[in-house]
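**Q** Hey, dropping protein27.txt in here, compact mmCIF, C-alpha atoms and all ligand atoms:
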# COMPACT_ATOMS: atom_id res chain seq x y z
CA MET A 1102 204.77 116.31 -77.80
CA PRO A 1103 203.40 119.61 -76.42
CA VAL A 1104 200.48 121.08 -78.34
CA TRP A 1105 200.39 124.84 -78.87
CA ARG A 1106 197.98 126.76 -76.61
CA GLU A 1107 197.66 130.43 -75.61
CA GLY A 1108 200.85 130.78 -73.61
CA MET A 1109 203.98 128.75 -73.01
CA LYS A 1110 204.58 126.87 -69.79
CA VAL A 1111 208.25 126.56 -68.84
CA LEU A 1112 209.67 124.11 -66.31
CA VAL A 1113 212.97 125.08 -64.62
CA ILE A 1114 214.88 122.47 -62.60
CA GLY A 1115 217.11 124.12 -59.97
CA ALA A 1116 216.75 127.33 -57.98
CA GLY A 1117 220.40 128.23 -57.47
CA MET A 1118 222.83 130.98 -58.43
CA TYR A 1119 222.25 130.66 -62.17
CA VAL A 1120 218.45 130.55 -61.89
CA THR A 1121 217.68 132.97 -59.04
CA GLY A 1122 220.98 134.70 -58.16
CA ARG A 1123 220.48 133.28 -54.65
CA ASP A 1124 222.25 134.95 -51.71
CA GLY A 1125 223.26 137.98 -53.77
CA THR A 1126 225.39 135.89 -56.17
CA GLY A 1127 224.16 137.66 -59.30
CA PRO A 1128 221.08 138.68 -61.31
CA GLY A 1129 219.75 135.12 -61.74
CA THR A 1130 220.40 134.70 -65.44
CA VAL A 1131 217.73 132.07 -66.16
CA LEU A 1132 214.75 133.77 -64.49
CA SER A 1133 215.85 137.25 -65.61
CA SER A 1134 216.10 135.99 -69.21
CA LEU A 1135 212.70 134.33 -69.11
CA ALA A 1136 211.19 137.53 -67.66
CA GLN A 1137 212.78 139.63 -70.40
CA THR A 1138 211.64 137.20 -73.11
CA SER A 1139 208.10 137.22 -71.64
CA LYS A 1140 207.84 140.87 -72.66
CA ALA A 1141 208.00 139.76 -76.31
CA LEU A 1142 206.64 136.19 -76.27
CA PRO A 1143 203.60 134.74 -74.48
CA ILE A 1144 205.10 132.90 -71.51
CA GLU A 1145 202.12 131.94 -69.36
CA GLU A 1146 203.97 130.56 -66.35
CA VAL A 1147 207.34 129.35 -65.12
CA THR A 1148 207.44 126.50 -62.61
CA VAL A 1149 210.74 126.23 -60.73
CA VAL A 1150 211.40 122.93 -58.95
CA ALA A 1151 214.23 121.70 -56.70
CA THR A 1152 214.53 119.43 -53.71
CA SER A 1153 214.68 121.92 -50.84
CA PRO A 1154 211.40 123.53 -49.63
CA ALA A 1155 213.56 126.46 -48.43
CA ASN A 1156 213.99 127.54 -52.06
CA ALA A 1157 210.38 128.81 -52.15
CA ALA A 1158 211.26 132.12 -50.50
CA THR A 1159 214.34 132.57 -52.75
CA VAL A 1160 212.30 132.00 -55.91
CA ASP A 1161 209.49 134.34 -54.80
CA ALA A 1162 211.97 137.08 -53.89
CA ALA A 1163 213.89 136.67 -57.17
CA ALA A 1164 210.70 136.82 -59.27
CA ALA A 1165 209.48 139.95 -57.44
CA ARG A 1166 212.88 141.66 -57.76
CA ILE A 1167 213.24 140.83 -61.45
CA ASN A 1168 209.67 141.86 -62.37
CA ALA A 1169 210.14 145.16 -60.50
CA THR A 1170 213.55 145.78 -62.12
CA ILE A 1171 212.59 145.28 -65.76
CA GLY A 1172 208.84 145.99 -65.61
CA SER A 1173 207.82 142.44 -66.52
CA ASP A 1174 204.89 140.45 -65.18
CA LEU A 1175 206.24 136.89 -65.26
CA LYS A 1176 204.25 134.40 -63.18
CA VAL A 1177 206.70 132.15 -61.31
CA ARG A 1178 205.83 129.42 -58.82
CA TYR A 1179 208.03 127.04 -56.84
CA ARG A 1180 207.43 123.40 -56.07
CA ALA A 1181 209.68 121.19 -53.92
CA ILE A 1182 210.20 117.69 -55.35
CA ALA A 1183 211.59 114.43 -53.99
CA ARG A 1184 214.89 112.96 -55.21
CA THR A 1185 213.17 110.25 -57.27
CA VAL A 1186 213.85 112.04 -60.54
CA ASP A 1187 211.86 109.93 -63.05
CA ASP A 1188 208.74 109.73 -60.87
CA GLU A 1189 208.80 113.44 -60.01
CA ILE A 1190 209.27 114.61 -63.60
CA ALA A 1191 206.55 112.23 -64.80
CA ALA A 1192 204.18 113.56 -62.13
CA LEU A 1193 204.94 117.19 -63.01
CA CYS A 1194 204.37 116.51 -66.71
CA SER A 1195 201.07 114.77 -66.08
CA ASP A 1196 199.85 117.77 -64.05
CA ALA A 1197 200.73 120.30 -66.78
CA ARG A 1198 201.79 120.31 -70.44
CA TYR A 1199 205.21 121.99 -70.40
CA ASP A 1200 206.39 123.39 -73.72
CA CYS A 1201 210.02 123.26 -72.63
CA ALA A 1202 212.31 122.72 -69.66
CA ILE A 1203 215.59 124.25 -68.51
CA VAL A 1204 217.88 122.03 -66.42
CA SER A 1205 220.15 124.02 -64.08
CA VAL A 1206 221.22 121.71 -61.26
CA PRO A 1207 224.74 120.56 -60.22
CA ASP A 1208 226.72 118.94 -63.07
CA HIS A 1209 226.34 115.33 -61.87
CA LEU A 1210 222.52 115.62 -61.95
CA HIS A 1211 222.16 116.94 -65.52
CA PHE A 1212 221.88 113.48 -67.05
CA ALA A 1213 219.11 112.12 -64.82
CA TYR A 1214 216.92 115.22 -65.15
CA ALA A 1215 217.51 115.74 -68.88
CA ARG A 1216 216.74 112.07 -69.57
CA ALA A 1217 213.53 112.21 -67.55
CA ILE A 1218 212.42 115.39 -69.37
CA LEU A 1219 213.22 114.05 -72.84
CA ARG A 1220 211.39 110.81 -72.00
CA GLN A 1221 208.33 112.97 -71.29
CA ALA A 1222 208.74 114.44 -74.82
CA VAL A 1223 209.52 117.96 -73.58
CA HIS A 1224 212.01 120.22 -75.43
CA CYS A 1225 215.03 120.81 -73.23
CA LEU A 1226 217.89 123.23 -72.55
CA VAL A 1227 220.67 121.95 -70.26
CA VAL A 1228 223.28 124.27 -68.74
CA LYS A 1229 226.85 123.26 -69.45
CA PRO A 1230 228.44 120.73 -69.20
CA LEU A 1231 225.83 118.53 -70.90
CA THR A 1232 227.02 115.47 -68.91
CA PRO A 1233 230.33 114.25 -67.45
CA THR A 1234 230.51 111.20 -69.75
CA LEU A 1235 230.12 110.68 -73.48
CA ALA A 1236 227.97 107.59 -72.95
CA GLU A 1237 225.41 109.69 -71.02
CA ALA A 1238 225.43 112.45 -73.65
CA ARG A 1239 224.91 109.89 -76.43
CA GLU A 1240 221.98 108.44 -74.51
CA LEU A 1241 220.35 111.87 -74.20
CA GLU A 1242 220.92 112.56 -77.90
CA ARG A 1243 219.37 109.18 -78.76
CA ILE A 1244 216.19 109.86 -76.75
CA ARG A 1245 215.97 113.41 -78.11
CA ALA A 1246 216.23 112.21 -81.73
CA GLU A 1247 213.79 109.33 -81.16
CA ASN A 1248 211.17 111.77 -79.84
CA GLY A 1249 211.85 114.45 -82.51
CA LEU A 1250 212.65 117.04 -79.83
CA TYR A 1251 214.70 120.20 -79.71
CA GLY A 1252 217.58 119.80 -77.24
CA VAL A 1253 220.37 122.31 -76.70
CA VAL A 1254 223.13 123.19 -74.24
CA GLU A 1255 223.49 126.68 -72.81
CA PHE A 1256 226.89 127.50 -74.36
CA HIS A 1257 226.45 131.28 -74.20
CA LYS A 1258 229.99 132.08 -75.40
CA ARG A 1259 228.67 131.37 -78.89
CA TRP A 1260 226.75 134.67 -78.62
CA ASP A 1261 229.69 136.82 -77.41
CA ALA A 1262 230.55 139.39 -80.13
CA THR A 1263 234.31 139.01 -79.59
CA ASN A 1264 234.07 135.28 -80.24
CA LEU A 1265 231.89 135.87 -83.31
CA TRP A 1266 234.52 138.28 -84.64
CA VAL A 1267 237.20 135.58 -84.16
CA ARG A 1268 234.93 133.04 -85.87
CA ARG A 1269 234.57 135.24 -88.94
CA GLU A 1270 238.35 135.71 -89.14
CA LEU A 1271 239.04 131.99 -88.80
CA GLU A 1272 236.39 131.15 -91.40
CA SER A 1273 238.10 133.48 -93.86
CA ARG A 1274 241.48 131.86 -93.04
CA THR A 1275 243.04 135.22 -92.09
CA LEU A 1276 245.51 133.47 -89.78
CA GLY A 1277 246.57 130.89 -92.38
CA LYS A 1278 246.90 127.35 -91.07
CA LEU A 1279 245.96 127.09 -87.38
CA LEU A 1280 248.79 125.95 -85.10
CA TYR A 1281 247.53 126.29 -81.53
CA PHE A 1282 245.09 127.83 -79.03
CA THR A 1283 246.02 128.72 -75.47
CA VAL A 1284 243.29 129.35 -72.90
CA GLU A 1285 243.63 130.59 -69.31
CA TYR A 1286 240.39 130.62 -67.36
CA SER A 1287 239.95 130.80 -63.59
CA GLN A 1288 237.47 131.71 -60.89
CA ARG A 1289 237.60 132.88 -57.28
CA ILE A 1290 238.09 130.26 -54.57
CA THR A 1291 234.76 131.32 -53.08
CA ILE A 1292 233.01 129.33 -55.87
CA PRO A 1293 234.13 125.81 -54.80
CA TRP A 1294 234.56 126.81 -51.18
CA THR A 1295 231.28 128.58 -50.47
CA THR A 1296 228.89 128.92 -53.43
CA PHE A 1297 229.10 125.31 -54.68
CA ARG A 1298 230.28 123.81 -51.36
CA SER A 1299 227.66 121.05 -51.46
CA TRP A 1300 228.72 119.75 -54.86
CA SER A 1301 232.20 121.09 -55.83
CA SER A 1302 233.87 117.77 -54.93
CA ARG A 1303 231.53 116.00 -57.39
CA THR A 1304 232.87 117.94 -60.38
CA ASN A 1305 236.16 119.53 -61.37
CA ILE A 1306 237.17 122.87 -62.77
CA PHE A 1307 237.72 121.53 -66.30
CA GLN A 1308 234.29 119.92 -66.49
CA TYR A 1309 232.53 122.90 -64.92
CA LEU A 1310 234.42 125.79 -66.59
CA GLY A 1311 236.99 124.56 -69.16
CA VAL A 1312 234.17 122.95 -71.17
CA HIS A 1313 233.15 126.44 -72.35
CA TYR A 1314 236.36 126.85 -74.32
CA VAL A 1315 236.26 123.29 -75.66
CA ASP A 1316 232.88 124.07 -77.19
CA LEU A 1317 234.15 127.46 -78.36
CA ILE A 1318 237.15 125.95 -80.20
CA TRP A 1319 234.80 123.46 -81.90
CA PHE A 1320 232.40 126.31 -82.78
CA LEU A 1321 235.22 128.54 -84.09
CA THR A 1322 237.08 125.94 -86.15
CA ARG A 1323 234.70 123.01 -86.88
CA CYS A 1324 237.72 120.75 -86.25
CA VAL A 1325 237.19 117.69 -84.05
CA PRO A 1326 239.23 116.55 -81.04
CA ILE A 1327 241.13 113.31 -81.57
CA ARG A 1328 243.44 112.98 -78.49
CA ALA A 1329 243.64 114.53 -75.03
CA MET A 1330 245.72 114.34 -71.87
CA ALA A 1331 245.52 116.32 -68.64
CA VAL A 1332 247.52 117.10 -65.52
CA GLY A 1333 245.98 118.34 -62.29
CA THR A 1334 247.43 120.23 -59.35
CA GLU A 1335 246.00 119.81 -55.88
CA GLY A 1336 246.32 120.83 -52.27
CA THR A 1337 244.37 123.95 -51.42
CA LEU A 1338 240.87 122.55 -51.84
CA ARG A 1339 241.62 119.02 -50.61
CA ARG A 1340 243.18 120.53 -47.45
CA HIS A 1341 239.82 122.19 -46.82
CA GLY A 1342 237.83 118.99 -47.30
CA ILE A 1343 236.87 119.56 -50.94
CA ASP A 1344 238.04 116.52 -52.87
CA THR A 1345 238.86 118.00 -56.27
CA TRP A 1346 241.71 119.50 -58.28
CA ASP A 1347 242.86 123.08 -57.70
CA SER A 1348 243.80 123.42 -61.36
CA VAL A 1349 243.65 121.30 -64.51
CA HIS A 1350 245.89 121.62 -67.58
CA ALA A 1351 244.59 119.85 -70.67
CA THR A 1352 246.27 119.35 -74.02
CA VAL A 1353 243.89 118.47 -76.85
CA ILE A 1354 244.80 117.63 -80.46
CA TRP A 1355 242.23 118.68 -83.06
CA GLN A 1356 241.85 117.53 -86.66
CA ASN A 1357 240.20 119.06 -89.71
CA PRO A 1358 237.62 116.45 -90.87
CA ALA A 1359 238.17 117.53 -94.50
CA ASP A 1360 241.97 117.14 -94.32
CA LYS A 1361 243.21 114.69 -91.72
CA ALA A 1362 246.79 116.00 -91.96
CA ASP A 1363 245.57 119.44 -90.86
CA ARG A 1364 245.88 119.43 -87.06
CA PHE A 1365 246.31 121.95 -84.26
CA VAL A 1366 246.76 121.82 -80.49
CA SER A 1367 244.86 123.54 -77.70
CA GLN A 1368 246.22 124.02 -74.22
CA ILE A 1369 243.61 124.88 -71.64
CA SER A 1370 244.64 125.85 -68.09
CA VAL A 1371 241.84 126.33 -65.61
CA ASN A 1372 241.71 126.87 -61.84
CA TRP A 1373 239.19 127.80 -59.18
CA ILE A 1374 241.49 128.96 -56.43
CA ASP A 1375 241.97 132.61 -57.44
CA PRO A 1376 241.99 134.87 -54.34
CA ALA A 1377 238.60 136.19 -53.29
CA CYS A 1378 239.97 139.71 -53.92
CA SER A 1379 240.49 139.00 -57.65
CA SER A 1380 239.13 141.93 -59.66
CA ALA A 1381 236.54 139.73 -61.43
CA MET A 1382 234.72 136.48 -60.68
CA SER A 1383 236.13 135.03 -63.92
CA ASP A 1384 239.63 135.73 -65.22
CA GLN A 1385 239.80 134.58 -68.82
CA LYS A 1386 241.91 135.07 -71.90
CA PHE A 1387 242.67 133.08 -75.01
CA SER A 1388 245.02 133.28 -77.99
CA VAL A 1389 244.84 131.60 -81.36
CA ILE A 1390 248.02 131.33 -83.36
CA GLY A 1391 248.26 130.53 -87.06
CA THR A 1392 251.02 130.56 -89.66
CA ARG A 1393 250.14 134.15 -90.69
CA GLY A 1394 249.39 135.76 -87.36
CA ARG A 1395 247.73 135.61 -83.98
CA ILE A 1396 244.57 136.85 -82.26
CA GLN A 1397 244.61 137.59 -78.53
CA CYS A 1398 241.40 138.03 -76.64
CA ASP A 1399 241.20 139.28 -73.05
CA GLN A 1400 237.71 138.29 -71.92
CA LYS A 1401 238.14 139.67 -68.41
CA ASN A 1402 239.43 143.15 -69.06
CA ARG A 1403 236.83 144.58 -71.38
CA GLY A 1404 237.85 148.16 -70.67
CA LEU A 1405 235.42 148.85 -67.82
CA GLU A 1406 237.01 149.20 -64.38
CA VAL A 1407 235.46 150.37 -61.12
CA VAL A 1408 237.50 151.52 -58.14
CA HIS A 1409 235.35 151.85 -55.04
CA GLU A 1410 236.09 152.10 -51.31
CA ASP A 1411 233.75 149.14 -50.52
CA LEU A 1412 234.42 146.95 -53.57
CA GLY A 1413 238.11 147.57 -54.25
CA ILE A 1414 239.06 147.35 -57.93
CA GLN A 1415 236.62 145.47 -60.17
CA GLN A 1416 236.76 144.64 -63.88
CA ILE A 1417 233.19 144.65 -65.17
CA ASN A 1418 231.91 142.60 -68.11
CA PRO A 1419 228.70 144.39 -69.13
CA TYR A 1420 228.28 142.09 -72.14
CA PHE A 1421 227.43 138.79 -70.35
CA SER A 1422 224.13 139.40 -68.60
CA ASP A 1423 222.98 142.44 -66.71
CA TYR A 1424 220.20 144.97 -66.37
CA LEU A 1425 220.95 147.90 -68.68
CA PRO A 1426 218.72 150.82 -69.74
CA ASP A 1427 216.95 150.42 -73.08
CA VAL A 1428 216.23 153.31 -75.47
CA ASP A 1429 213.37 154.49 -73.25
CA GLY A 1430 215.49 154.38 -70.10
CA GLN A 1431 213.70 151.24 -68.79
CA LEU A 1432 216.08 148.60 -67.43
CA ALA A 1433 216.16 145.52 -69.66
CA PHE A 1434 218.00 142.22 -69.16
CA ARG A 1435 220.63 142.08 -71.87
CA GLY A 1436 223.84 140.35 -72.92
CA TYR A 1437 225.03 137.11 -74.49
CA GLY A 1438 223.92 135.09 -71.44
CA HIS A 1439 220.38 136.33 -72.03
CA GLU A 1440 220.56 135.91 -75.81
CA SER A 1441 221.38 132.23 -75.52
CA ILE A 1442 218.37 131.47 -73.28
CA ASP A 1443 216.10 133.82 -75.25
CA GLN A 1444 217.07 132.03 -78.48
CA PHE A 1445 216.11 128.66 -76.96
CA VAL A 1446 212.67 129.93 -75.94
CA ARG A 1447 212.12 131.59 -79.35
CA ASP A 1448 213.16 128.38 -81.10
CA VAL A 1449 210.77 126.33 -78.96
CA PHE A 1450 208.01 128.82 -79.72
CA ASP A 1451 208.67 128.36 -83.46
CA VAL A 1452 208.91 124.56 -83.19
CA VAL A 1453 205.76 124.21 -81.08
CA SER A 1454 203.76 126.54 -83.32
CA ARG A 1455 205.05 124.50 -86.30
CA ARG A 1456 206.83 127.42 -87.96
CA VAL A 1457 210.06 125.42 -88.01
CA ASP A 1458 211.04 121.80 -87.61
CA ALA A 1459 213.48 121.02 -84.76
CA ALA A 1460 215.70 119.17 -87.26
CA GLU A 1461 216.14 122.37 -89.31
CA LEU A 1462 217.89 124.06 -86.36
CA ARG A 1463 220.62 121.41 -86.32
CA GLY A 1464 224.04 122.83 -87.12
CA ASN A 1465 223.09 126.41 -86.27
CA ARG A 1466 222.60 126.00 -82.52
CA PRO A 1467 224.57 124.44 -79.61
CA THR A 1468 222.45 121.31 -79.87
CA MET A 1469 222.92 118.17 -77.79
CA ARG A 1470 224.46 116.58 -80.87
CA GLU A 1471 226.97 119.46 -81.12
CA ALA A 1472 227.72 118.99 -77.41
CA LEU A 1473 228.95 115.44 -78.01
CA VAL A 1474 232.26 117.08 -78.99
CA SER A 1475 232.78 118.98 -75.72
CA THR A 1476 231.51 115.99 -73.73
CA ALA A 1477 234.02 113.68 -75.46
CA VAL A 1478 236.83 116.01 -74.35
CA VAL A 1479 235.49 116.32 -70.78
CA ASP A 1480 235.25 112.52 -70.58
CA ALA A 1481 238.77 112.02 -72.01
CA VAL A 1482 240.24 114.66 -69.66
CA ASN A 1483 238.53 113.08 -66.64
CA GLN A 1484 239.88 109.65 -67.64
CA SER A 1485 243.38 111.07 -68.17
CA LEU A 1486 243.31 112.75 -64.74
CA ALA A 1487 242.24 109.46 -63.16
CA GLU A 1488 244.93 107.48 -65.03
CA ASN A 1489 248.11 109.38 -64.29
CA SER A 1490 247.82 111.78 -67.23
CA SER A 1491 247.73 109.10 -69.92
CA TRP A 1492 246.74 110.09 -73.47
CA LYS A 1493 243.15 109.29 -74.43
CA ASP A 1494 241.95 108.84 -78.01
CA MET A 1495 238.57 110.09 -79.19
CA ARG A 1496 236.94 108.53 -82.24
CA ASP A 1497 234.17 110.31 -84.20
CA PRO A 1498 232.47 111.97 -81.21
CA VAL A 1499 229.87 113.61 -83.45
N1 LIG A 1501 226.35 130.15 -61.79
C1 LIG A 1501 226.67 130.39 -63.06
O1 LIG A 1501 227.10 131.50 -63.47
C2 LIG A 1501 226.50 129.29 -64.08
C3 LIG A 1501 226.63 129.63 -65.40
C4 LIG A 1501 226.39 128.68 -66.37
C5 LIG A 1501 226.06 127.39 -65.98
N2 LIG A 1501 226.01 127.05 -64.67
C6 LIG A 1501 225.67 125.67 -64.33
O2 LIG A 1501 224.39 125.67 -63.75
C7 LIG A 1501 224.26 124.53 -62.88
C8 LIG A 1501 223.72 125.02 -61.57
O3 LIG A 1501 224.58 126.04 -61.13
P1 LIG A 1501 224.15 127.07 -60.01
O4 LIG A 1501 225.16 128.16 -60.09
O5 LIG A 1501 222.72 127.46 -60.12
O6 LIG A 1501 224.38 126.14 -58.71
P2 LIG A 1501 223.78 126.26 -57.23
O7 LIG A 1501 224.56 125.36 -56.34
O8 LIG A 1501 223.64 127.69 -56.84
O9 LIG A 1501 222.29 125.69 -57.40
C9 LIG A 1501 222.00 124.35 -57.59
C10 LIG A 1501 220.49 124.16 -57.46
O10 LIG A 1501 220.18 122.78 -57.68
C11 LIG A 1501 219.28 122.35 -56.66
N3 LIG A 1501 219.49 120.92 -56.42
C12 LIG A 1501 220.50 120.32 -55.77
N4 LIG A 1501 220.31 118.98 -55.76
C13 LIG A 1501 219.16 118.75 -56.42
C14 LIG A 1501 218.43 117.57 -56.74
N5 LIG A 1501 218.86 116.36 -56.40
N6 LIG A 1501 217.29 117.72 -57.45
C15 LIG A 1501 216.84 118.93 -57.82
N7 LIG A 1501 217.48 120.08 -57.54
C16 LIG A 1501 218.63 119.98 -56.84
C17 LIG A 1501 219.63 123.19 -55.44
O11 LIG A 1501 218.52 123.27 -54.56
C18 LIG A 1501 219.93 124.53 -56.09
O12 LIG A 1501 218.72 125.24 -56.27
C19 LIG A 1501 225.65 123.89 -62.80
O13 LIG A 1501 225.70 122.77 -63.67
C20 LIG A 1501 226.57 124.98 -63.31
O14 LIG A 1501 227.72 124.42 -63.94
C21 LIG A 1501 226.18 127.99 -63.70
How does this structure look as structure tokens?

**A**
Amino acid sequence: MPVWREGMKVLVIGAGMYVTGRDGTGPGTVLSSLAQTSKALPIEEVTVVATSPANAATVDAAAARINATIGSDLKVRYRAIARTVDDEIAALCSDARYDCAIVSVPDHLHFAYARAILRQAVHCLVVKPLTPTLAEARELERIRAENGLYGVVEFHKRWDATNLWVRRELESRTLGKLLYFTVEYSQRITIPWTTFRSWSSRTNIFQYLGVHYVDLIWFLTRCVPIRAMAVGTEGTLRRHGIDTWDSVHATVIWQNPADKADRFVSQISVNWIDPACSSAMSDQKFSVIGTRGRIQCDQKNRGLEVVHEDLGIQQINPYFSDYLPDVDGQLAFRGYGHESIDQFVRDVFDVVSRRVDAAELRGNRPTMREALVSTAVVDAVNQSLAENSSWKDMRDPV
């Protein structure tokens, strides 16, 4: 268990798009968030590790850009590691006492890194999806609980104000009895084709993207999934050598734990073959329908559109994570993507300085235990896709 010192040491696994914004893919949400948080909390140093030595230049450039943009002074260093996960994490943790770690590597590697980190008794944030299978997620939750650690999943949609508004309405039963959710969520083909080329055939669009809305429905309703089935469509990506579904269509039946006759259905359609000229990286909308009304939420078109001779037409979401001027005109990293990572670091700070017990945060955060629900659905959907769209039952995932 880390012991509180002067400043926090943070370990980040992965140096890709989400961490550094490599190759102009974005701001680098993880490092930008840590830099912003370091202006309020004592973060002594961030160590970024990944397997390729070539990441060193990317990490250095990202840290310099971010510090210059928001006026922070975050110390970031890069270290290349071998693929022997347990040995490498053990060696890193014997060299330094990390207060927490953030795992942001391709989906199929989350389990091995998160397990190694939890075994070293380090508090841990894992980007979504927690793991592809429920057995792996249960194993992580077991090690976390055994070691009394704080473990969460970076489900940032729980911080989006529109979703919080919907949550309040559903909690006050404004819509009456819930009947169904529909979700449409898609991304540009450049994501599997170019950005995630090295690992897109090792995941699928439901596991990588659809999982967000599975967690959101659980967060909004506190109902649990009991059955799921899924259909995939294919062709475009497989023709280009990427062995995964173009789109996935999942039907999930949810049940109110307090009233087993109270059930609703969610239908989630996701793809990652939108044309590269789509007006946003993510196209997303959802509806929730109850006996007394409906709520429709367009999470792509948030009312901010840019038309530019170089960029074409773009729908901007300024609420996720971006550099925006603060009251003094200084750019600050803001948005629900930042808030989710900032909350994790603040929680770790409180846990490590013994202001709060990790167990007290259960139920109020997207903990690993909470993520057993979304992982159960991912696992059931993957099994259904592999077994000709058969129905899969889920029993007491959480
Ligand atoms: N990009 C986003 O907007 C976003 C948002 C939320 C969550 N995520 C999740 O974050 C994770 C990483 O996504 P990304 O966008 O940064 O991907 P990416 O492909 O850009 O980066 C992956 C990183 O992992 C490293 N890596 C690959 N194999 C490794 C290994 N064996 N050991 C250690 N490091 C290894 C690579 O060097 C690279 O730095 C994924 O699980 C993704 O679902 C991404």

**Q** Between atom CA of Leu1112 of chain A and atom CA of Asp1480 of chain A, what is the spacing in Å?

**A**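 One can read the atom CA of Asp1480 of chain A to atom CA of Leu1112 of chain A distance as 28.4 Å.
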
**Q** To one decimal place in Å, what is the distance between atom CA of Thr1296 of chain A and atom C16 of ligand LIG 1501 (chain A)?

**A**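 For atom CA of Thr1296 of chain A relative to atom C16 of ligand LIG 1501 (chain A), the distance reads 14.0 Å.
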
**Q** Taking all atoms listed in the file into account, which of A:Val1228, A:Leu1235, A:Val1284, A:Ala1262 comes nearest Arg1403 of chain A?

**A**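 The shortest atom-to-atom distance to Arg1403 of chain A comes from A:Ala1262.
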
**Q** Could you tell me how far atom CA of Asn1372 of chain A sits from atom C17 of ligand LIG 1501 (chain A), in Å to one decimal place?

**A** 23.3 Å

**Q** Identify, counting all atoms listed in the file, the protein, DNA and RNA residues located within 6 Å of ligand LIG 1501 (chain A), and give them as a list in words.

**A**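 Taking all atoms listed in the file into account, the residues around ligand LIG 1501 (chain A) at most 6 Å away are Gly1115, Ala1116, Gly1117, Met1118, Tyr1119, Val1120, Ala1151, Thr1152, Ser1153, Arg1184, Ser1205, Val1206, Pro1207, Asp1208, Val1228, Lys1229, Phe1297 and Tyr1309 of chain A.
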
**Q** Save out the residues we just selected, C-alpha atoms, as a PDB file, keeping the file's coordinate frame.

**A**
ATOM      1  CA  GLY A1115     217.110 124.120 -59.970  1.00  0.00           C
ATOM      2  CA  ALA A1116     216.750 127.330 -57.980  1.00  0.00           C
ATOM      3  CA  GLY A1117     220.400 128.230 -57.470  1.00  0.00           C
ATOM      4  CA  MET A1118     222.830 130.980 -58.430  1.00  0.00           C
ATOM      5  CA  TYR A1119     222.250 130.660 -62.170  1.00  0.00           C
ATOM      6  CA  VAL A1120     218.450 130.550 -61.890  1.00  0.00           C
ATOM      7  CA  ALA A1151     214.230 121.700 -56.700  1.00  0.00           C
ATOM      8  CA  THR A1152     214.530 119.430 -53.710  1.00  0.00           C
ATOM      9  CA  SER A1153     214.680 121.920 -50.840  1.00  0.00           C
ATOM     10  CA  ARG A1184     214.890 112.960 -55.210  1.00  0.00           C
ATOM     11  CA  SER A1205     220.150 124.020 -64.080  1.00  0.00           C
ATOM     12  CA  VAL A1206     221.220 121.710 -61.260  1.00  0.00           C
ATOM     13  CA  PRO A1207     224.740 120.560 -60.220  1.00  0.00           C
ATOM     14  CA  ASP A1208     226.720 118.940 -63.070  1.00  0.00           C
ATOM     15  CA  VAL A1228     223.280 124.270 -68.740  1.00  0.00           C
ATOM     16  CA  LYS A1229     226.850 123.260 -69.450  1.00  0.00           C
ATOM     17  CA  PHE A1297     229.100 125.310 -54.680  1.00  0.00           C
ATOM     18  CA  TYR A1309     232.530 122.900 -64.920  1.00  0.00           C
TER      19      TYR A1309
END

**Q** Restricting the calculation to all atoms listed in the file, which member of A:Ala1155, A:Val1407, A:Leu1226, A:Val1366 is positioned closest to Asp1443 of chain A?

**A** A:Leu1226

**Q** Write out as a PyMOL selection string each polymer residue whose atoms come within 9 Å of segment 1314-1322 of chain A, counting all atoms listed in the file; drop sequence neighbours fewer than 5 positions from it.

**A** chain A and resi 1256+1258-1259+1264-1265+1267-1269+1271-1272+1282+1284+1286+1355+1357+1367+1369+1387+1467+1471-1472+1474-1476+1478-1479

**Q** Considering only C-alpha atoms, return as JSON, numbers by chain whatever protein or nucleic-acid residues lie within 9 Å of Arg1216 of chain A, sequence-local ones (same chain, fewer than 6 positions apart) excluded.

**A** {"A": [1187, 1240, 1241, 1244, 1245]}

**Q** Would you pick out the contacts of Glu1335 of chain A at 7 Å or less, using all atoms listed in the file, so that residues sharing its chain but fewer than 4 positions from it are not included, and give the list as a list of chain:residue names?

**A**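 Residues meeting the cut-off are A:Arg1339, A:Trp1346, A:Asp1347, A:Ser1348.
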
**Q** Looking at only C-alpha atoms, which of A:Ala1202, A:Val1147, A:Leu1405, A:Leu1276 is the one that sits closest to Tyr1420 of chain A?

**A**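 The closest residue to Tyr1420 of chain A is A:Leu1405.
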
**Q** Could you work out an axis-aligned box for segment 1394-1409 of chain A, taking every atom the file lists and adding 6 Å on each side, and report centre and edge lengths in Å to one decimal, as JSON?

**A**
{"center_x": 242.4, "center_y": 143.7, "center_z": -71.2, "size_x": 26.0, "size_y": 28.2, "size_z": 44.3}

**Q** Tell me which of A:Asp1196, A:Thr1121, A:Ser1134, A:Ile1290 sits closest to Asp1161 of chain A, counting all atoms listed in the file.

**A** A:Thr1121

**Q** Within 10 Å of Phe1445 of chain A, counting all atoms listed in the file, which residues show up once you throw out same-chain ones fewer than 4 positions away? Write them as a list of chain:residue names, please.

**A**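 Contacts, in chain order: A:Cys1201, A:Ile1203, A:His1224, A:Cys1225, A:Leu1226, A:Tyr1251, A:Gly1252, A:Val1253, A:Val1254, A:Glu1255, A:Glu1440, A:Ser1441, A:Val1449, A:Phe1450, A:Asp1451, A:Arg1466, A:Pro1467.
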
**Q** From the set A:Leu1175, A:Cys1378, A:Ala1359, A:Ala1165, which residue has the shortest atom-to-atom contact distance to Asp1411 of chain A, counting all atoms listed in the file?

**A** A:Cys1378

**Q** Between A:Ala1197, A:Val1160, A:Val1408, A:Val1389, which has the minimum distance to Thr1283 of chain A (counting only C-alpha atoms)?

**A**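 Residue with the minimum atom-to-atom distance to Thr1283 of chain A: A:Val1389.
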